[in-house]
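Engineer: Pasting a structure here, questions to come.
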Amino acid sequence: MKTLFYSLLPVALFFAFISCSDGGGDNGVGGITADVSVPPCGNNVDEIIQCAMDQLKDGNLDEAIAYYNKAYEKDNNNPKAIIYSSLINLAKISTDPKVVTLMRDHFGFKTYPNRLNALLSDKWMSEYCDIAYGYYDESSKKWVYWEEARDGDVDKDGYYYYTYSNGRYIYTLVSTKVQCENSKLPTIVTPDWVKGNGSMYNEALLSGNVLSVENWSLSLLANVINKNSNGFNPLLDDVIDGVFGASFNLAVERLSRLENRKEDRISLDPYFVDQLDMEDLNFDEYDLVGWAEANAILSAMLLVKASLEWVQSYDLSTDLNWLKFAWKNDPDDMLNHFNGVDASRLPFNNNFFKIRPGKMANAKADYVKAVKGFQSSYTAIKNSDLYPTKLRESYSTINGGFGELINAINNGGKFYIPEDPTKGAWPTSKSSKVKATIDFGKFFTEGYFSLQNIFETDGGKPVFYLEKEIYVCPDEDDDYWWWCNYDYVYTKLDKNNYDALISEDEGRLSLAIKTGPFKAIIDEPDNGKLEYLPIGLSEDVAKAIFEKYYK
């Protein structure tokens, strides 16, 4: 059950739980995965929790969850029943029906389990070959290396050794049998369009029925494009709805029963702590856990939700359909397909990273709710004699910071971060003891980081520069006249000069990022400086990108 606790975090959810199974259908009610059926065990909360622990230690995770929930049903005022069932239901989020749907419908996993037992096994996965790209061949007494026919030097895939003669390499085939270590990965159905003739998806690497890990990676990317062809708004919406849906709300609801009983704390079983990876949250079997600690975990999760909602306030819609072709190991191949894209479908010309109305208000509200949750937990600790005096004193200062943070978010003000957040009063203005400032008024302004605001533009279109690498040496009378460095110069492109400038040099096409909006967030003066983001890969690509916007 390692890493299970963090599966509930959306960022980790994408790939920490890229592990699926033929877990069958979704047996959920109201978005909550139904518990498996378990026989009666124990007559009181302690005995039922012991039944749950026995199942957990035997690796029967679904049965363990069922018993933790039965302990809560037995006595929903018992602190042990409340805390254990709340925490285990957070872990259960990873197999919530909405999360199962998310993994299947947005990432293309053929199956994704709706039971923890299945999720944490590898029986539902398929084998993929992790190719050995070189090995020592005993028969030839040489190191041999995997070469593919598409590389142009050989006429068939296989392992070769090579010698150098008359100005060229001579390849000698040793074996066409793929040497691999099989890896278990989620079963994925590859879209047909990525498999075309000459594709990087190389079906010649088949070893029996085992595809390469490289092919699996291409399949995953193709599925993300295939199932999110109009951008990533639905994906992000479903992550938020799935991870912070019914199972999360169930944990919140149960824990709320202890809010007025903050002195009730329990010792968690060491095995439970270990299996939910709670050591990484600074918990161990010697720590007593009550409302304050568990509420801090829920508040941390809510802070993740608020952060995702902040991203959600920006429109992530963009047309990815033009990428649906058999990708070849050839830059011209991508360029040829890019040439066919209507300029109106590209970022800056479409809605990508513009405002999604009303979404920022949700993010702001959940940020405040999360911070208030931390504040409540810290207040409970600060006011309780059950905690060490030194800890309570440091929490007093931090709790004052939570209050200032809430004010800054609600009122669109600035938040000041002191050098030592554990001593004294939290600063309310800039001083020598303040090491950082955040302007939350700007941070929560809808569309503040839209492309047109953070990149240099001309009539809404991106302004392009040509980046040229130059060799700079000091003057001869300099003490370090012999020490030279590389530097870069940037030339602004327009319709009259782009063709000649791009053609005459190996320079890279770059976008200009305005540093002002970022500096304003952290209360630094705007000096009008630009940073440059290289995007051009070749002369032809650079011209094609520029012409999409200006020709």
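Lettering and numbering for the structure tokens are positional, with chains as A, B, ... in the shown order, residues counted from 1 in each chain, and ligands counted from 1 in the shown order.
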Within 10 Å of A:Phe248, counting only C-alpha atoms, which residues qualify if same-chain residues fewer than 2 places away don't, as a compact mmCIF listing (two decimals) with N, CA and C atoms, in the first residue's frame?

Structural biologist:
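Saved the output as around_10.txt:
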# COMPACT_ATOMS: atom_id res chain seq x y z
N LEU A 8 -4.10 10.31 -3.63
CA LEU A 8 -5.22 11.21 -3.60
C LEU A 8 -4.83 12.61 -4.05
N ILE A 32 -19.27 7.06 -4.67
CA ILE A 32 -18.39 6.41 -3.70
C ILE A 32 -18.32 4.92 -4.02
N SER A 86 -11.89 8.01 8.31
CA SER A 86 -11.65 9.22 7.52
C SER A 86 -10.37 9.09 6.70
N LEU A 87 -9.29 8.66 7.34
CA LEU A 87 -8.01 8.54 6.64
C LEU A 87 -8.04 7.47 5.57
N ASN A 89 -10.57 6.46 3.88
CA ASN A 89 -11.39 6.86 2.75
C ASN A 89 -10.68 7.87 1.86
N LEU A 90 -9.67 8.56 2.38
CA LEU A 90 -8.83 9.38 1.51
C LEU A 90 -8.03 8.49 0.57
N ALA A 91 -7.49 7.40 1.11
CA ALA A 91 -6.75 6.46 0.27
C ALA A 91 -7.66 5.83 -0.78
N LYS A 92 -8.92 5.66 -0.41
CA LYS A 92 -9.89 5.01 -1.28
C LYS A 92 -10.23 5.85 -2.52
N ILE A 93 -9.87 7.14 -2.48
CA ILE A 93 -10.17 8.02 -3.61
C ILE A 93 -9.61 7.47 -4.91
N ASP A 96 -12.14 5.56 -6.68
CA ASP A 96 -13.47 6.14 -6.82
C ASP A 96 -13.91 6.00 -8.28
N GLY A 242 -13.20 14.37 -9.67
CA GLY A 242 -13.00 12.99 -9.25
C GLY A 242 -12.27 12.88 -7.94
N VAL A 243 -11.13 13.56 -7.82
CA VAL A 243 -10.31 13.43 -6.62
C VAL A 243 -10.98 14.10 -5.42
N PHE A 244 -11.64 15.22 -5.66
CA PHE A 244 -12.25 15.95 -4.55
C PHE A 244 -13.76 15.82 -4.56
N GLY A 245 -14.21 14.62 -4.90
CA GLY A 245 -15.63 14.34 -4.96
C GLY A 245 -16.14 13.67 -3.70
N ALA A 246 -16.94 12.64 -3.90
CA ALA A 246 -17.70 12.04 -2.80
C ALA A 246 -16.82 11.44 -1.71
N LEU A 250 -16.74 12.63 2.09
CA LEU A 250 -17.09 11.70 3.15
C LEU A 250 -16.09 11.80 4.31
N ALA A 251 -14.81 11.88 3.97
CA ALA A 251 -13.78 12.02 5.01
C ALA A 251 -13.96 13.33 5.77
N VAL A 252 -14.26 14.41 5.05
CA VAL A 252 -14.47 15.71 5.69
C VAL A 252 -15.67 15.65 6.63
N GLU A 253 -16.74 15.05 6.15
CA GLU A 253 -17.96 14.97 6.96
C GLU A 253 -17.73 14.17 8.24
N LEU A 298 -6.50 17.23 5.58
CA LEU A 298 -7.59 17.60 4.68
C LEU A 298 -7.38 19.01 4.13
N MET A 301 -4.91 18.95 1.35
CA MET A 301 -5.54 18.47 0.13
C MET A 301 -6.37 19.56 -0.52
N LEU A 302 -7.09 20.31 0.31
CA LEU A 302 -7.93 21.38 -0.22
C LEU A 302 -7.06 22.46 -0.86

Engineer: If we count only C-alpha atoms, what is near A:Asn349 at a cut-off of 12 Å, once residues fewer than 3 positions away on the same chain are taken out, given as a PDB file with N, CA and C atoms, in the first residue's frame?

Structural biologist:
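Listing of selection-v4.pdb after writing:
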ATOM      1  N   SER A 317      -8.132  25.108 -23.661  1.00  0.00           N
ATOM      2  CA  SER A 317      -8.634  24.559 -24.922  1.00  0.00           C
ATOM      3  C   SER A 317      -7.703  24.939 -26.071  1.00  0.00           C
ATOM      4  N   THR A 318      -7.336  23.969 -26.864  1.00  0.00           N
ATOM      5  CA  THR A 318      -6.562  24.194 -28.081  1.00  0.00           C
ATOM      6  C   THR A 318      -6.680  22.941 -28.940  1.00  0.00           C
ATOM      7  N   ASP A 319      -6.682  23.114 -30.229  1.00  0.00           N
ATOM      8  CA  ASP A 319      -6.936  22.002 -31.148  1.00  0.00           C
ATOM      9  C   ASP A 319      -5.678  21.141 -31.297  1.00  0.00           C
ATOM     10  N   ASP A 342      -4.586  25.544 -39.708  1.00  0.00           N
ATOM     11  CA  ASP A 342      -5.089  26.910 -39.834  1.00  0.00           C
ATOM     12  C   ASP A 342      -4.579  27.737 -38.659  1.00  0.00           C
ATOM     13  N   ALA A 343      -4.071  28.928 -38.931  1.00  0.00           N
ATOM     14  CA  ALA A 343      -3.467  29.766 -37.893  1.00  0.00           C
ATOM     15  C   ALA A 343      -4.441  30.092 -36.773  1.00  0.00           C
ATOM     16  N   SER A 344      -5.723  30.107 -37.059  1.00  0.00           N
ATOM     17  CA  SER A 344      -6.715  30.431 -36.033  1.00  0.00           C
ATOM     18  C   SER A 344      -6.785  29.378 -34.936  1.00  0.00           C
ATOM     19  N   ARG A 345      -6.226  28.183 -35.194  1.00  0.00           N
ATOM     20  CA  ARG A 345      -6.282  27.085 -34.227  1.00  0.00           C
ATOM     21  C   ARG A 345      -5.081  27.087 -33.282  1.00  0.00           C
ATOM     22  N   LEU A 346      -4.166  28.035 -33.452  1.00  0.00           N
ATOM     23  CA  LEU A 346      -2.936  28.058 -32.669  1.00  0.00           C
ATOM     24  C   LEU A 346      -3.036  29.012 -31.482  1.00  0.00           C
ATOM     25  N   PHE A 352      -6.526  29.782 -25.930  1.00  0.00           N
ATOM     26  CA  PHE A 352      -5.605  29.127 -25.007  1.00  0.00           C
ATOM     27  C   PHE A 352      -5.046  30.104 -23.977  1.00  0.00           C
ATOM     28  N   PHE A 353      -5.221  29.768 -22.720  1.00  0.00           N
ATOM     29  CA  PHE A 353      -4.764  30.508 -21.535  1.00  0.00           C
ATOM     30  C   PHE A 353      -5.418  31.875 -21.390  1.00  0.00           C
ATOM     31  N   LYS A 354      -6.584  32.023 -21.993  1.00  0.00           N
ATOM     32  CA  LYS A 354      -7.399  33.188 -21.701  1.00  0.00           C
ATOM     33  C   LYS A 354      -8.334  32.843 -20.539  1.00  0.00           C
ATOM     34  N   LEU A 451      -1.541  34.753 -22.130  1.00  0.00           N
ATOM     35  CA  LEU A 451      -0.381  34.826 -23.021  1.00  0.00           C
ATOM     36  C   LEU A 451      -0.093  36.260 -23.457  1.00  0.00           C
ATOM     37  N   GLN A 452      -1.146  37.006 -23.757  1.00  0.00           N
ATOM     38  CA  GLN A 452      -0.951  38.384 -24.221  1.00  0.00           C
ATOM     39  C   GLN A 452      -0.372  39.284 -23.143  1.00  0.00           C
ATOM     40  N   THR A 457       3.677  41.063 -27.502  1.00  0.00           N
ATOM     41  CA  THR A 457       2.791  40.807 -28.629  1.00  0.00           C
ATOM     42  C   THR A 457       2.630  42.064 -29.479  1.00  0.00           C
ATOM     43  N   ASP A 458       2.127  41.869 -30.676  1.00  0.00           N
ATOM     44  CA  ASP A 458       1.837  42.965 -31.608  1.00  0.00           C
ATOM     45  C   ASP A 458       0.452  42.692 -32.186  1.00  0.00           C
ATOM     46  N   GLY A 459      -0.535  43.452 -31.722  1.00  0.00           N
ATOM     47  CA  GLY A 459      -1.894  43.202 -32.174  1.00  0.00           C
ATOM     48  C   GLY A 459      -2.413  41.846 -31.736  1.00  0.00           C
ATOM     49  N   GLY A 460      -1.952  41.370 -30.581  1.00  0.00           N
ATOM     50  CA  GLY A 460      -2.370  40.076 -30.073  1.00  0.00           C
ATOM     51  C   GLY A 460      -1.520  38.917 -30.568  1.00  0.00           C
ATOM     52  N   LYS A 461      -0.686  39.158 -31.580  1.00  0.00           N
ATOM     53  CA  LYS A 461       0.167  38.101 -32.119  1.00  0.00           C
ATOM     54  C   LYS A 461       1.522  38.113 -31.409  1.00  0.00           C
ATOM     55  N   PRO A 462       2.153  36.964 -31.263  1.00  0.00           N
ATOM     56  CA  PRO A 462       3.450  36.932 -30.581  1.00  0.00           C
ATOM     57  C   PRO A 462       4.536  37.632 -31.389  1.00  0.00           C
ATOM     58  N   LYS A 548       2.905  31.509 -39.887  1.00  0.00           N
ATOM     59  CA  LYS A 548       1.557  31.206 -39.422  1.00  0.00           C
ATOM     60  C   LYS A 548       0.880  32.445 -38.837  1.00  0.00           C
ATOM     61  N   TYR A 549       1.670  33.315 -38.251  1.00  0.00           N
ATOM     62  CA  TYR A 549       1.110  34.487 -37.590  1.00  0.00           C
ATOM     63  C   TYR A 549       1.190  35.759 -38.432  1.00  0.00           C
ATOM     64  N   TYR A 550       2.135  35.826 -39.381  1.00  0.00           N
ATOM     65  CA  TYR A 550       2.376  37.103 -40.041  1.00  0.00           C
ATOM     66  C   TYR A 550       2.296  37.078 -41.563  1.00  0.00           C
TER      67      TYR A 550
END

Engineer: When you count only C-alpha atoms, which of these residues is closest to A:Asp238: A:Pro97, A:Gly516, A:Pro40, A:Pro421?

Structural biologist: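 Checking each candidate against A:Asp238, we get A:Pro97 as the closest.
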
Engineer: Find the spatial neighbours of A:Val36, counting only C-alpha atoms, within a cut-off of 12 Å - ignore same-chain residues fewer than 2 positions away - and output them as JSON, numbers by chain.

Structural biologist: {"A": [27, 28, 33, 34, 38, 39, 60, 61, 62, 63, 64, 65, 66, 67, 68, 69, 70, 114, 115, 116, 117]}

Engineer: Could I get the residues of stretch 202-270 of chain A with an atom no further than 10 Å from an atom of stretch 287-294 of chain A, each paired with its nearest atom pair and that distance in Å to one decimal, using only C-alpha atoms, sorted by chain and residue number, as CSV?

Structural biologist:
residue,atom,partner,partner_atom,distance
A:Ala251,CA,A:Ala294,CA,9.7
A:Val252,CA,A:Ala294,CA,9.5
A:Leu255,CA,A:Trp291,CA,6.8
A:Ser256,CA,A:Trp291,CA,8.0
A:Arg257,CA,A:Trp291,CA,8.9
A:Leu258,CA,A:Trp291,CA,5.8
A:Glu259,CA,A:Trp291,CA,6.2
A:Asn260,CA,A:Trp291,CA,8.9
A:Arg261,CA,A:Trp291,CA,7.7
A:Lys262,CA,A:Trp291,CA,5.7
A:Glu263,CA,A:Gly290,CA,7.3
A:Asp264,CA,A:Gly290,CA,5.9
A:Arg265,CA,A:Gly290,CA,4.1
A:Ile266,CA,A:Leu288,CA,5.2
A:Ser267,CA,A:Leu288,CA,4.8
A:Leu268,CA,A:Val289,CA,7.2

Engineer: Could you tell me which of A:Ala544, A:Val99, A:Leu466, A:Ile240 comes closest to A:Val341 if we count only C-alpha atoms?

Structural biologist: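 Closest to A:Val341, using only C-alpha atoms: A:Ala544.
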
Engineer: Select from stretch 90-284 of chain A everything DSSP, run on the backbone, classes as alpha helix (DSSP H), then give the selection as a PyMOL selection string.

Structural biologist: chain A and resi 90-91+97-107+116-119+213-227+233-243+246-255+270-275

Engineer: List as an mmCIF file with C-alpha atoms, in the first residue's frame the protein and nucleic acid residues near A:Ile521, meaning an atom at most 12 Å away when only C-alpha atoms are counted, but skip any in the same chain fewer than 5 places from it.

Structural biologist:
data_model
loop_
_atom_site.group_PDB
_atom_site.id
_atom_site.type_symbol
_atom_site.label_atom_id
_atom_site.label_comp_id
_atom_site.auth_asym_id
_atom_site.auth_seq_id
_atom_site.Cartn_x
_atom_site.Cartn_y
_atom_site.Cartn_z
ATOM 1 C CA GLY A 412 -6.414 41.696 -2.756
ATOM 2 C CA GLY A 413 -3.454 42.850 -0.691
ATOM 3 C CA LYS A 414 0.180 41.928 -0.175
ATOM 4 C CA PHE A 415 1.440 39.125 2.042
ATOM 5 C CA TYR A 416 4.823 39.472 3.734
ATOM 6 C CA ALA A 436 9.630 37.890 0.346
ATOM 7 C CA THR A 437 6.370 39.527 -0.664
ATOM 8 C CA ILE A 438 3.428 38.149 -2.639
ATOM 9 C CA ASP A 439 0.788 40.398 -4.191
ATOM 10 C CA PHE A 440 -2.386 38.324 -3.994
ATOM 11 C CA GLY A 441 -4.424 41.060 -5.639
ATOM 12 C CA LYS A 442 -2.548 40.421 -8.867
ATOM 13 C CA PHE A 443 -2.259 36.666 -8.323
ATOM 14 C CA PHE A 444 -6.044 36.290 -8.190
ATOM 15 C CA THR A 445 -6.804 38.722 -11.011
ATOM 16 C CA TYR A 448 -3.344 38.070 -15.171
ATOM 17 C CA PHE A 449 -1.043 35.439 -16.702
ATOM 18 C CA THR A 515 9.395 39.850 -16.671
ATOM 19 C CA GLY A 516 7.248 42.723 -15.361
ATOM 20 C CA ASP A 526 9.602 46.368 -13.429
#
